[in-house]
>>> print(open('protein-v5.txt').read())   # compact mmCIF, C-alpha atoms
# COMPACT_ATOMS: atom_id res chain seq x y z
CA MET A 184 83.94 153.46 6.07
CA GLN A 185 86.33 152.94 3.15
CA ARG A 186 85.96 149.63 1.39
CA THR A 187 88.98 147.62 0.39
CA GLU A 188 89.64 146.67 -3.23
CA PHE A 189 88.88 143.05 -2.39
CA GLU A 190 85.41 143.82 -1.08
CA GLU A 191 84.45 145.98 -4.03
CA ARG A 192 85.27 143.48 -6.73
CA THR A 193 82.12 141.37 -7.05
CA GLU A 194 80.62 139.82 -10.13
CA ASN A 195 77.09 138.49 -10.54
CA VAL A 196 76.99 134.85 -11.54
CA SER A 197 73.88 132.93 -12.53
CA VAL A 198 73.68 129.67 -10.56
CA LYS A 199 71.10 127.21 -11.86
CA VAL A 200 70.44 124.51 -9.27
CA PHE A 201 68.49 121.27 -9.47
CA ARG A 202 65.53 121.13 -7.11
CA TYR A 203 63.72 117.97 -6.11
CA ASP A 204 60.97 117.54 -3.59
CA SER A 205 59.00 114.32 -3.61
CA SER A 206 56.10 115.97 -1.76
CA SER A 207 55.53 118.86 -4.19
CA ILE A 208 53.41 118.68 -7.36
CA LYS A 209 56.27 119.53 -9.69
CA LYS A 210 58.82 117.22 -8.18
CA ALA A 211 61.92 118.19 -10.16
CA LYS A 212 62.89 121.54 -11.63
CA PHE A 213 65.77 123.95 -11.96
CA ASP A 214 65.86 127.26 -10.05
CA THR A 215 68.19 130.05 -11.06
CA PHE A 216 69.76 132.40 -8.50
CA ILE A 217 72.03 135.38 -9.00
CA VAL A 218 74.99 135.22 -6.66
CA PRO A 219 77.51 138.08 -6.16
CA VAL A 220 80.86 136.36 -6.40
CA LYS A 221 84.01 137.71 -4.82
CA LYS A 222 87.52 136.63 -5.62
CA GLY A 223 88.41 133.46 -3.72
CA MET A 224 84.78 132.44 -3.22
CA THR A 225 84.06 128.73 -3.50
CA LEU A 226 81.01 127.05 -4.96
CA LEU A 227 80.08 125.89 -1.46
CA GLU A 228 80.05 129.51 -0.28
CA SER A 229 77.78 130.40 -3.20
CA LEU A 230 75.37 127.62 -2.26
CA LEU A 231 75.42 128.82 1.36
CA TYR A 232 74.67 132.36 0.10
CA ILE A 233 71.61 131.01 -1.72
CA LYS A 234 70.41 129.11 1.35
CA GLU A 235 71.02 131.93 3.83
CA ARG A 236 69.75 134.89 1.77
CA LEU A 237 67.63 133.72 -1.15
CA ASP A 238 65.89 130.41 -0.41
CA PRO A 239 66.16 128.73 2.99
CA SER A 240 64.43 125.60 1.70
CA PHE A 241 67.35 124.88 -0.62
CA THR A 242 69.03 121.66 0.56
CA PHE A 243 72.53 120.32 0.09
CA ARG A 244 75.09 118.40 2.10
CA TYR A 245 78.42 119.68 3.42
CA SER A 246 80.60 119.51 6.47
CA CYS A 247 84.34 120.17 6.69
CA ARG A 248 84.71 122.86 3.95
CA MET A 249 88.27 121.70 3.22
CA GLY A 250 88.09 118.67 0.93
CA ILE A 251 88.43 116.06 3.63
CA CYS A 252 84.96 114.82 4.55
CA GLY A 253 83.73 114.27 0.98
CA SER A 254 80.18 115.44 1.73
CA CYS A 255 79.76 118.22 -0.83
CA GLY A 256 80.19 116.26 -4.08
CA LEU A 257 78.08 117.69 -6.93
CA VAL A 258 77.89 117.69 -10.71
CA VAL A 259 78.91 121.19 -11.81
CA ASN A 260 78.54 122.07 -15.49
CA GLY A 261 78.43 118.36 -16.27
CA LYS A 262 81.47 117.35 -14.26
CA GLU A 263 81.80 116.02 -10.73
CA LYS A 264 83.49 118.30 -8.21
CA LEU A 265 83.68 118.95 -4.49
CA ALA A 266 81.88 122.26 -3.91
CA CYS A 267 84.32 123.30 -1.18
CA LYS A 268 87.35 122.84 -3.43
CA THR A 269 85.88 124.55 -6.49
CA GLN A 270 86.64 128.21 -7.03
CA MET A 271 83.75 130.16 -8.57
CA GLU A 272 86.06 132.07 -10.90
CA THR A 273 86.94 128.80 -12.67
CA LEU A 274 83.30 128.10 -13.59
CA GLY A 275 82.28 131.03 -15.78
CA LYS A 276 79.26 133.35 -15.58
CA SER A 277 76.59 130.68 -15.80
CA ILE A 278 76.71 127.53 -13.68
CA GLU A 279 74.51 124.47 -13.60
CA VAL A 280 74.59 122.39 -10.41
CA ARG A 281 73.06 118.93 -10.24
CA PRO A 282 73.18 116.18 -7.60
CA LEU A 283 75.62 113.30 -8.08
CA ASN A 284 74.50 110.75 -10.65
CA ASN A 285 73.69 107.08 -10.11
CA MET A 286 72.44 107.49 -6.55
CA PRO A 287 68.74 107.95 -5.63
CA LEU A 288 67.48 111.48 -5.04
CA ILE A 289 66.44 112.49 -1.53
CA ARG A 290 65.98 116.23 -1.83
CA ASP A 291 67.47 118.95 -4.05
CA LEU A 292 71.20 118.20 -4.22
CA VAL A 293 71.16 115.47 -1.57
CA VAL A 294 71.38 111.85 -2.73
CA ASP A 295 71.18 108.52 -0.95
CA PHE A 296 74.60 106.90 -0.50
CA SER A 297 73.21 103.59 0.84
CA SER A 298 73.89 101.43 -2.23
CA PHE A 299 77.30 103.05 -2.69
CA LEU A 300 78.29 102.23 0.89
CA GLU A 301 76.81 98.72 0.66
CA LYS A 302 79.10 98.02 -2.29
CA HIS A 303 82.01 99.40 -0.31
CA LYS A 304 81.25 96.97 2.53
CA LYS A 305 80.81 94.12 0.08
CA VAL A 306 84.51 94.04 -0.86
CA LYS A 307 85.51 93.59 2.79
CA PRO A 308 87.49 96.79 3.24
CA TYR A 309 89.56 95.69 6.22
CA ILE A 310 92.63 93.56 6.93
CA ILE A 311 91.89 89.84 6.74
CA ARG A 312 94.39 87.39 8.19
CA GLU A 313 94.05 84.22 10.18
CA ASP A 314 96.75 84.83 12.76
CA VAL A 315 95.20 87.91 14.36
CA ASP A 316 93.46 85.93 17.09
CA LYS A 317 96.63 84.01 17.91
CA ASN A 318 98.66 87.20 18.24
CA PRO A 319 96.24 89.90 19.36
CA ASP A 320 98.95 92.16 20.71
CA ARG A 321 101.37 91.89 17.79
CA GLU A 322 102.25 94.75 15.51
CA PHE A 323 101.86 94.34 11.76
CA LYS A 324 105.09 95.86 10.58
CA GLN A 325 105.67 97.10 7.06
CA LEU A 326 108.52 98.52 5.06
CA PRO A 327 108.01 102.06 3.70
CA GLU A 328 107.88 100.72 0.12
CA GLU A 329 105.16 98.27 1.15
CA VAL A 330 103.13 101.15 2.53
CA ASN A 331 103.57 103.05 -0.73
CA ASN A 332 101.95 100.15 -2.63
CA TYR A 333 98.55 101.07 -1.21
CA LEU A 334 98.84 104.48 0.45
CA ILE A 335 97.41 106.41 -2.51
CA PHE A 336 94.31 104.18 -2.50
CA ALA A 337 93.86 104.64 1.24
CA ASP A 338 93.27 108.36 0.63
CA CYS A 339 89.71 107.69 -0.57
CA ILE A 340 87.21 109.98 1.22
CA LYS A 341 84.12 108.19 -0.15
CA CYS A 342 82.77 111.34 -1.75
CA GLY A 343 81.11 109.37 -4.57
CA LEU A 344 82.46 111.52 -7.42
CA CYS A 345 83.97 108.50 -9.20
CA TYR A 346 80.74 106.55 -8.80
CA SER A 347 78.80 109.41 -10.38
CA ALA A 348 81.26 109.93 -13.25
CA CYS A 349 81.51 106.24 -14.18
CA PRO A 350 79.70 105.44 -17.45
CA THR A 351 79.26 101.82 -16.39
CA ASN A 352 77.44 102.81 -13.20
CA ALA A 353 75.20 104.95 -15.41
CA THR A 354 73.59 101.87 -16.93
CA ASP A 355 74.45 99.00 -14.58
CA GLU A 356 73.05 99.34 -11.06
CA LEU A 357 74.73 96.12 -9.94
CA TYR A 358 78.21 97.26 -10.95
CA LEU A 359 80.38 97.53 -7.84
CA GLY A 360 81.76 100.84 -9.00
CA PRO A 361 85.22 102.38 -9.01
CA GLN A 362 85.29 103.22 -5.31
CA ALA A 363 84.55 99.71 -4.03
CA LEU A 364 86.87 98.06 -6.54
CA THR A 365 89.67 100.43 -5.60
CA GLN A 366 89.22 99.59 -1.95
CA ALA A 367 89.38 95.90 -2.83
CA TYR A 368 92.74 96.54 -4.48
CA ARG A 369 93.88 98.77 -1.60
CA PHE A 370 93.67 95.79 0.76
CA ILE A 371 94.94 93.24 -1.75
CA ALA A 372 98.04 95.40 -2.25
CA ASP A 373 98.57 95.61 1.51
CA SER A 374 101.39 93.32 2.67
CA ARG A 375 99.59 92.68 5.98
CA ASP A 376 96.48 91.27 4.33
CA ASP A 377 95.72 87.69 3.36
CA GLY A 378 92.18 88.08 2.05
CA GLN A 379 93.05 88.36 -1.63
CA MET A 380 91.27 85.18 -2.68
CA VAL A 381 88.10 86.17 -0.83
CA ARG A 382 88.04 89.58 -2.47
CA MET A 383 88.98 88.33 -5.92
CA ASN A 384 85.95 86.03 -5.83
CA ILE A 385 83.81 89.12 -5.22
CA VAL A 386 85.33 91.43 -7.83
CA ASP A 387 86.22 88.92 -10.59
CA THR A 388 82.65 88.95 -11.95
CA ASN A 389 80.56 90.48 -14.72
CA HIS A 390 79.41 93.26 -12.40
CA GLY A 391 82.92 93.66 -11.04
CA ILE A 392 86.21 94.42 -12.73
CA TRP A 393 85.18 93.09 -16.15
CA ASN A 394 82.50 95.73 -16.57
CA CYS A 395 85.12 98.47 -16.39
CA HIS A 396 86.18 99.61 -19.87
CA PHE A 397 88.81 102.09 -18.79
CA ALA A 398 86.99 105.35 -19.47
CA GLY A 399 89.21 106.88 -16.78
CA SER A 400 86.57 109.40 -15.65
CA CYS A 401 86.74 108.07 -12.09
CA THR A 402 90.41 108.98 -11.92
CA ASP A 403 89.85 112.27 -13.71
CA VAL A 404 87.31 113.55 -11.16
CA CYS A 405 88.87 112.14 -7.99
CA PRO A 406 89.72 115.10 -5.72
CA LYS A 407 92.37 113.11 -3.84
CA GLY A 408 94.23 111.56 -6.80
CA VAL A 409 93.28 108.05 -5.73
CA ASP A 410 93.35 106.67 -9.31
CA PRO A 411 90.59 104.02 -9.34
CA ALA A 412 91.21 103.29 -13.04
CA PHE A 413 94.74 102.15 -12.21
CA ALA A 414 93.55 99.98 -9.31
CA ILE A 415 90.89 98.26 -11.43
CA GLN A 416 93.37 97.52 -14.23
CA GLN A 417 95.71 96.04 -11.61
CA LEU A 418 92.88 93.81 -10.37
CA LYS A 419 92.32 92.64 -13.94
CA THR A 420 96.01 91.86 -14.29
CA LEU A 421 95.88 89.78 -11.12
CA ALA A 422 92.75 87.98 -12.31
CA ILE A 423 94.27 87.22 -15.74
CA ARG A 424 97.63 86.01 -14.52
CA LYS A 425 96.28 84.24 -11.45
CA SER A 426 99.60 84.81 -9.81
CA GLY A 427 101.12 87.35 -7.52
CA PHE A 428 98.17 87.36 -5.21
CA LEU A 429 98.47 83.65 -4.60
CA LYS A 430 101.94 83.71 -3.13
CA LYS A 431 101.70 86.28 -0.48
CA LYS A 432 103.69 88.27 1.19
CA ARG A 433 104.90 88.54 4.66
CA PRO A 434 104.23 85.72 7.09
CA ALA A 435 102.38 86.30 10.35
CA ALA A 436 103.23 89.38 12.30
CA PRO A 437 106.81 89.08 13.49
CA ILE A 438 107.44 88.63 17.18
CA ASP A 439 108.47 91.77 18.95
CA LYS A 440 111.65 90.56 20.69
CA ARG A 441 112.14 93.64 22.82
CA ARG A 442 108.58 93.50 24.07
CA GLU A 443 108.84 89.79 24.90
CA ILE A 444 112.03 90.36 26.86
CA ALA A 445 110.40 93.23 28.73
CA GLU A 446 107.35 91.11 29.53
CA HIS A 447 109.38 88.15 30.84
CA SER A 448 111.87 90.13 32.82
CA MET B 67 54.11 116.11 -16.22
CA LYS B 68 57.51 114.70 -17.02
CA SER B 69 58.25 111.79 -14.68
CA VAL B 70 61.27 112.11 -12.43
CA ASN B 71 64.04 109.56 -12.53
CA THR B 72 64.36 109.24 -8.75
CA LYS B 73 66.99 106.54 -9.14
CA ASN B 74 68.98 109.30 -10.78
CA ASN B 75 70.95 106.99 -13.06
CA ALA B 76 72.83 108.98 -15.67
CA GLY B 77 71.69 106.53 -18.36
CA ILE B 78 72.96 106.25 -21.90
CA TYR B 79 72.76 109.94 -22.81
CA ARG B 80 74.42 111.52 -19.76
CA GLY B 81 76.46 108.43 -18.95
CA TRP B 82 77.82 107.37 -22.32
CA LEU B 83 77.19 110.07 -24.89
CA LYS B 84 77.68 113.34 -22.97
CA PHE B 85 81.44 113.21 -22.97
CA TRP B 86 82.65 116.51 -24.41
CA ASN B 87 83.78 118.00 -21.10
CA ARG B 88 85.42 114.76 -19.99
CA ASN B 89 88.92 113.34 -20.17
CA TRP B 90 90.57 111.95 -23.32
CA GLU B 91 90.06 108.31 -22.29
CA ARG B 92 86.33 108.98 -21.92
CA TRP B 93 86.27 110.21 -25.55
CA LEU B 94 88.00 107.01 -26.64
CA TYR B 95 85.54 105.00 -24.52
CA THR B 96 82.51 106.58 -26.19
CA MET B 97 84.03 106.25 -29.66
CA HIS B 98 84.80 102.59 -28.87
CA ARG B 99 81.14 102.03 -27.96
CA ILE B 100 79.77 103.83 -31.02
CA THR B 101 82.17 102.15 -33.45
CA GLY B 102 81.55 98.75 -31.85
CA ILE B 103 77.77 99.07 -32.22
CA GLY B 104 78.17 100.47 -35.76
CA VAL B 105 80.48 97.68 -36.93
CA GLY B 106 78.21 95.11 -35.25
CA LEU B 107 75.16 96.39 -37.13
CA TYR B 108 77.14 96.50 -40.38
CA PHE B 109 78.30 92.94 -39.76
CA ILE B 110 74.68 91.71 -39.43
CA ALA B 111 73.62 93.58 -42.59
CA HIS B 112 76.67 92.30 -44.44
CA ILE B 113 76.01 88.66 -43.50
CA TRP B 114 72.37 88.98 -44.53
CA GLU B 115 73.15 90.69 -47.83
CA THR B 116 75.98 88.32 -48.78
CA SER B 117 74.13 85.16 -47.78
CA TYR B 118 71.07 86.27 -49.75
CA SER B 119 72.99 86.98 -52.95
CA ALA B 120 75.47 84.13 -52.54
CA THR B 121 72.63 81.61 -52.09
CA ALA B 122 71.13 82.76 -55.32
CA PHE B 123 74.51 82.60 -57.00
CA LEU B 124 75.21 79.10 -55.76
CA ASP B 125 71.72 77.73 -56.32
CA VAL B 126 72.62 74.58 -58.30
CA GLU B 127 69.04 73.55 -59.08
CA SER B 128 68.41 76.72 -61.04
CA GLY B 129 71.83 76.50 -62.60
CA GLY B 130 73.16 79.35 -60.53
CA SER B 131 72.14 82.94 -60.86
CA PRO B 132 75.07 85.31 -61.17
CA ILE B 133 72.64 88.03 -62.21
CA ILE B 134 71.44 88.61 -58.64
CA TRP B 135 75.01 88.91 -57.42
CA THR B 136 76.06 91.17 -60.29
CA ASN B 137 73.00 93.38 -59.90
CA LEU B 138 73.61 93.72 -56.19
CA MET B 139 77.26 94.61 -56.72
CA SER B 140 76.42 97.24 -59.31
CA PHE B 141 73.70 98.64 -57.02
CA LEU B 142 76.21 99.01 -54.21
CA SER B 143 79.03 100.36 -56.34
CA ASN B 144 78.49 104.10 -56.05
CA GLU B 145 79.66 107.08 -53.96
CA PHE B 146 76.89 106.72 -51.37
CA PHE B 147 77.58 103.10 -50.40
CA HIS B 148 81.34 103.48 -50.71
CA THR B 149 81.17 106.40 -48.28
CA GLY B 150 79.38 104.02 -45.93
CA LEU B 151 82.13 101.45 -46.44
CA LEU B 152 84.71 104.11 -45.71
CA LEU B 153 83.01 104.79 -42.37
CA VAL B 154 83.05 101.04 -41.71
CA VAL B 155 86.80 101.03 -42.41
CA LEU B 156 87.37 103.94 -40.00
CA ALA B 157 85.20 102.35 -37.31
CA SER B 158 86.76 98.89 -37.67
CA VAL B 159 90.34 100.11 -37.62
CA PHE B 160 89.74 102.41 -34.64
CA HIS B 161 87.85 99.74 -32.70
CA ALA B 162 90.57 97.14 -33.30
CA LEU B 163 93.47 99.45 -32.41
CA ASN B 164 91.74 100.85 -29.33
CA GLY B 165 90.98 97.28 -28.28
CA ILE B 166 94.72 96.61 -28.27
CA ARG B 167 95.22 99.68 -26.04
CA LEU B 168 92.60 98.35 -23.63
CA ILE B 169 94.15 94.87 -23.56
CA LEU B 170 97.53 96.42 -22.76
CA ALA B 171 95.97 98.51 -19.98
CA GLU B 172 94.34 95.41 -18.51
CA GLN B 173 97.78 93.84 -18.39
CA GLY B 174 99.06 96.84 -16.45
CA ILE B 175 101.09 98.07 -19.43
CA LEU B 176 101.40 101.81 -20.18
CA ILE B 177 99.25 102.91 -17.23
CA GLY B 178 102.10 104.17 -15.10
CA ARG B 179 103.21 103.10 -11.66
CA VAL B 180 101.73 103.61 -8.26
CA LYS B 181 103.20 106.59 -6.43
CA PRO B 182 102.80 107.94 -2.90
CA PRO B 183 100.14 110.66 -2.73
CA SER B 184 101.44 114.17 -3.05
CA PHE B 185 99.70 117.39 -4.04
CA PRO B 186 98.52 118.22 -6.72
CA TYR B 187 97.67 114.51 -6.99
CA ILE B 188 98.49 113.81 -10.62
CA PRO B 189 97.15 110.31 -11.26
CA ALA B 190 99.33 107.75 -13.02
CA SER B 191 96.85 105.89 -15.21
CA ILE B 192 95.47 108.79 -17.23
CA ARG B 193 98.88 110.40 -17.60
CA GLY B 194 100.65 107.18 -18.60
CA GLY B 195 101.83 106.05 -22.02
CA GLN B 196 98.38 104.72 -22.91
CA ARG B 197 97.25 108.34 -23.40
CA TYR B 198 99.88 108.90 -26.11
CA LEU B 199 99.11 105.49 -27.57
CA GLY B 200 95.46 106.55 -27.78
CA ALA B 201 96.41 109.69 -29.71
CA GLY B 202 98.68 107.64 -31.98
CA LEU B 203 96.03 105.06 -32.76
CA VAL B 204 93.50 107.76 -33.65
CA ALA B 205 96.06 109.21 -36.09
CA LEU B 206 96.80 105.72 -37.46
CA SER B 207 93.07 105.07 -37.90
CA PHE B 208 92.76 108.16 -40.09
CA ILE B 209 95.87 107.24 -42.09
CA LEU B 210 94.49 103.76 -42.78
CA THR B 211 91.13 105.30 -43.69
CA VAL B 212 92.92 107.42 -46.28
CA TYR B 213 94.27 104.16 -47.73
CA GLY B 214 90.71 102.81 -47.64
CA PHE B 215 89.59 105.91 -49.53
CA TYR B 216 92.24 105.18 -52.17
CA GLN B 217 91.05 101.59 -52.56
CA LEU B 218 87.32 102.36 -52.55
CA PHE B 219 87.18 105.54 -54.59
CA ILE B 220 90.35 105.78 -56.72
CA ILE B 221 90.67 102.07 -57.52
CA GLY B 222 87.07 100.93 -56.92
CA LEU B 223 85.11 103.76 -58.55
CA GLY B 224 87.83 104.93 -60.90
CA TRP B 225 87.91 108.54 -59.69
>>> encode(input="protein-v5.txt", output="structure tokens")
Amino acid sequence: MQRTEFEERTENVSVKVFRYDSSSIKKAKFDTFIVPVKKGMTLLESLLYIKERLDPSFTFRYSCRMGICGSCGLVVNGKEKLACKTQMETLGKSIEVRPLNNMPLIRDLVVDFSSFLEKHKKVKPYIIREDVDKNPDREFKQLPEEVNNYLIFADCIKCGLCYSACPTNATDELYLGPQALTQAYRFIADSRDDGQMVRMNIVDTNHGIWNCHFAGSCTDVCPKGVDPAFAIQQLKTLAIRKSGFLKKKRPAAPIDKRREIAEHS
Amino acid sequence: MKSVNTKNNAGIYRGWLKFWNRNWERWLYTMHRITGIGVGLYFIAHIWETSYSATAFLDVESGGSPIIWTNLMSFLSNEFFHTGLLLVVLASVFHALNGIRLILAEQGILIGRVKPPSFPYIPASIRGGQRYLGAGLVALSFILTVYGFYQLFIIGLGW
């Protein structure tokens, strides 16, 4: 059978991966594997090649393979990336793959997201308003420009790349981190929300917005362009000026006239 | 056997100091840390050194002792210590100017505006005017250090 040009063009790349097993004598080490790389091959495919053909005990996390689920975040050559979105030909002949920083190791490239997700929950990442119970069937309408105020921040896939890249998280375990702070701003910037004061009390602390020193690495590594650095600076502006977030926004959800007429007729 | 950091915190080396493959703001961040610590240590040494010699100089009971002060000044007046002072000038100027950039950023100035998400997701904050301001303040720091060199070496040491 004649091979196509695409199939023939392979290049051997040395992939050095971090291994961790709490039950083995030598708990942490690096293993190096040679992976034949074809054009268009992603880092995730290389890791799957290692697992399927070279070492089945090799462990890592992945799911959607298309940059949506945020499961395959890793530190590749010292920088955080999603394995499924990273082309092998952009990484050179020798690659070092480590698990994400600032989260406890579980096994090999898998880390424990518990503290990361706890911090996410801590900033109350949902709409808070008092009139929901009074109007359970009302719509919360917004103008397109009001949606644009927070839409970029709503794209967060909770992959943890920003949390790993943040130099403050590197030395301060209590720091809320770029992801949680961004989600706080995402809801504060939402015209439907009235929980700004509650959230500002959580983030306006030493382990909150004031421990961010604008290194910008969170924004640099974000695969969805969420821009946590921008959101945190906006939170600081709100905290300094103590205005803007106090006089909010749209009143309670407007009454749907057409629906009311339909219901009463 | 080397113990494993199971908490996996990047720590000072990987978190603060390993910045060469990072973005420009991360370079400024690390330089801000290093210069801040450096100027802080210099400040402590400077206070100690000056208070020690000034106390001797102002000691009324012994009639004052300008010799200690003069000896100290002549000990410090050479290329080695003036090179150190030049580094202090560079660190101080950079730290102060970068501090202004950070204050502006905290006020939402020069970090761009929020935009709807669209591929290829170019973020506003690290493409905003603060990036150019950062480059400008690094250049200004070196220019002012050249002036410091003129004062310390040409005027001070008579080169």
>>> atom_distance(input="protein-v5.txt", atom1="atom CA of Ile133 of chain B", atom2="atom CA of Tyr118 of chain B")
12.7 Å
>>> closest_residue(input="protein-v5.txt", among="B:Ile177, B:Leu206, B:Leu152, B:Ile113", to="chain A", atoms="only C-alpha atoms")
B:Ile177
>>> closest_residue(input="protein-v5.txt", among="A:Leu357, A:Met286, A:Ile371, A:Leu265", to="Asn71 of chain B", atoms="only C-alpha atoms")
A:Met286
>>> interface_residues(input="protein-v5.txt", of="chain A", to="chain B", cutoff="6 Å", atoms="all atoms listed in the file", output="list of chain:residue names")
A:Asn284, A:Asn285, A:Met286, A:Pro287, A:Leu288, A:Asn331, A:Ile335, A:Pro350, A:Ala353, A:Thr354, A:Ala398, A:Gly399, A:Gly408, A:Asp410, A:Phe413, A:Gln416, A:Gln417, A:Lys419, A:Thr420
>>> closest_residue(input="protein-v5.txt", among="A:Ala422, A:Lys317, A:Ala348, A:Arg369", to="Glu329 of chain A", atoms="all atoms listed in the file")
A:Arg369
>>> atom_distance(input="protein-v5.txt", atom1="atom CA of Arg193 of chain B", atom2="atom CA of Lys268 of chain A")
22.1 Å
>>> atom_distance(input="protein-v5.txt", atom1="atom CA of Lys234 of chain A", atom2="atom CA of Ile217 of chain A")
12.2 Å
>>> residues_around(input="protein-v5.txt", residues="Leu226 of chain A", least_positions_apart="6", cutoff="8 Å", atoms="only C-alpha atoms", output="mmCIF file with C-alpha atoms, in the frame of the given file")
data_model
loop_
_atom_site.group_PDB
_atom_site.id
_atom_site.type_symbol
_atom_site.label_atom_id
_atom_site.label_comp_id
_atom_site.auth_asym_id
_atom_site.auth_seq_id
_atom_site.Cartn_x
_atom_site.Cartn_y
_atom_site.Cartn_z
ATOM 1 C CA ALA A 266 81.880 122.260 -3.910
ATOM 2 C CA CYS A 267 84.320 123.300 -1.180
ATOM 3 C CA LYS A 268 87.350 122.840 -3.430
ATOM 4 C CA THR A 269 85.880 124.550 -6.490
ATOM 5 C CA GLN A 270 86.640 128.210 -7.030
ATOM 6 C CA MET A 271 83.750 130.160 -8.570
#
>>> build_atoms(input="protein-v5.txt", residues="segment 195-213 of chain A", atoms="N, CA and C atoms", output="mmCIF file, in the frame of the given file")
data_model
loop_
_atom_site.group_PDB
_atom_site.id
_atom_site.type_symbol
_atom_site.label_atom_id
_atom_site.label_comp_id
_atom_site.auth_asym_id
_atom_site.auth_seq_id
_atom_site.Cartn_x
_atom_site.Cartn_y
_atom_site.Cartn_z
ATOM 1 N N ASN A 195 78.300 139.297 -10.658
ATOM 2 C CA ASN A 195 77.090 138.490 -10.540
ATOM 3 C C ASN A 195 77.182 137.243 -11.422
ATOM 4 N N VAL A 196 76.944 136.130 -10.814
ATOM 5 C CA VAL A 196 76.990 134.850 -11.540
ATOM 6 C C VAL A 196 75.627 134.171 -11.411
ATOM 7 N N SER A 197 75.164 133.620 -12.524
ATOM 8 C CA SER A 197 73.880 132.930 -12.530
ATOM 9 C C SER A 197 74.102 131.454 -12.143
ATOM 10 N N VAL A 198 73.518 131.050 -11.040
ATOM 11 C CA VAL A 198 73.680 129.670 -10.560
ATOM 12 C C VAL A 198 72.336 128.942 -10.698
ATOM 13 N N LYS A 199 72.325 127.977 -11.616
ATOM 14 C CA LYS A 199 71.100 127.210 -11.860
ATOM 15 C C LYS A 199 71.205 125.899 -11.082
ATOM 16 N N VAL A 200 70.323 125.698 -10.129
ATOM 17 C CA VAL A 200 70.440 124.510 -9.270
ATOM 18 C C VAL A 200 69.242 123.579 -9.459
ATOM 19 N N PHE A 201 69.531 122.306 -9.360
ATOM 20 C CA PHE A 201 68.490 121.270 -9.470
ATOM 21 C C PHE A 201 67.700 121.233 -8.172
ATOM 22 N N ARG A 202 66.384 121.215 -8.291
ATOM 23 C CA ARG A 202 65.530 121.130 -7.110
ATOM 24 C C ARG A 202 64.665 119.876 -7.216
ATOM 25 N N TYR A 203 64.567 119.168 -6.135
ATOM 26 C CA TYR A 203 63.720 117.970 -6.110
ATOM 27 C C TYR A 203 63.044 117.874 -4.763
ATOM 28 N N ASP A 204 61.735 117.726 -4.823
ATOM 29 C CA ASP A 204 60.970 117.540 -3.590
ATOM 30 C C ASP A 204 59.858 116.545 -3.882
ATOM 31 N N SER A 205 59.958 115.376 -3.292
ATOM 32 C CA SER A 205 59.000 114.320 -3.610
ATOM 33 C C SER A 205 57.573 114.687 -3.183
ATOM 34 N N SER A 206 57.438 115.640 -2.260
ATOM 35 C CA SER A 206 56.100 115.970 -1.760
ATOM 36 C C SER A 206 55.408 117.062 -2.593
ATOM 37 N N SER A 207 56.158 117.784 -3.430
ATOM 38 C CA SER A 207 55.530 118.860 -4.190
ATOM 39 C C SER A 207 54.952 118.332 -5.509
ATOM 40 N N ILE A 208 54.074 119.133 -6.127
ATOM 41 C CA ILE A 208 53.410 118.680 -7.360
ATOM 42 C C ILE A 208 54.442 118.552 -8.482
ATOM 43 N N LYS A 209 55.211 119.607 -8.675
ATOM 44 C CA LYS A 209 56.270 119.530 -9.690
ATOM 45 C C LYS A 209 57.544 119.088 -8.980
ATOM 46 N N LYS A 210 57.781 117.798 -9.040
ATOM 47 C CA LYS A 210 58.820 117.220 -8.180
ATOM 48 C C LYS A 210 60.224 117.736 -8.499
ATOM 49 N N ALA A 211 60.556 117.795 -9.788
ATOM 50 C CA ALA A 211 61.920 118.190 -10.160
ATOM 51 C C ALA A 211 61.895 119.411 -11.058
ATOM 52 N N LYS A 212 62.803 120.330 -10.814
ATOM 53 C CA LYS A 212 62.890 121.540 -11.630
ATOM 54 C C LYS A 212 64.270 122.158 -11.410
ATOM 55 N N PHE A 213 64.553 123.173 -12.182
ATOM 56 C CA PHE A 213 65.770 123.950 -11.960
ATOM 57 C C PHE A 213 65.370 125.348 -11.496
#
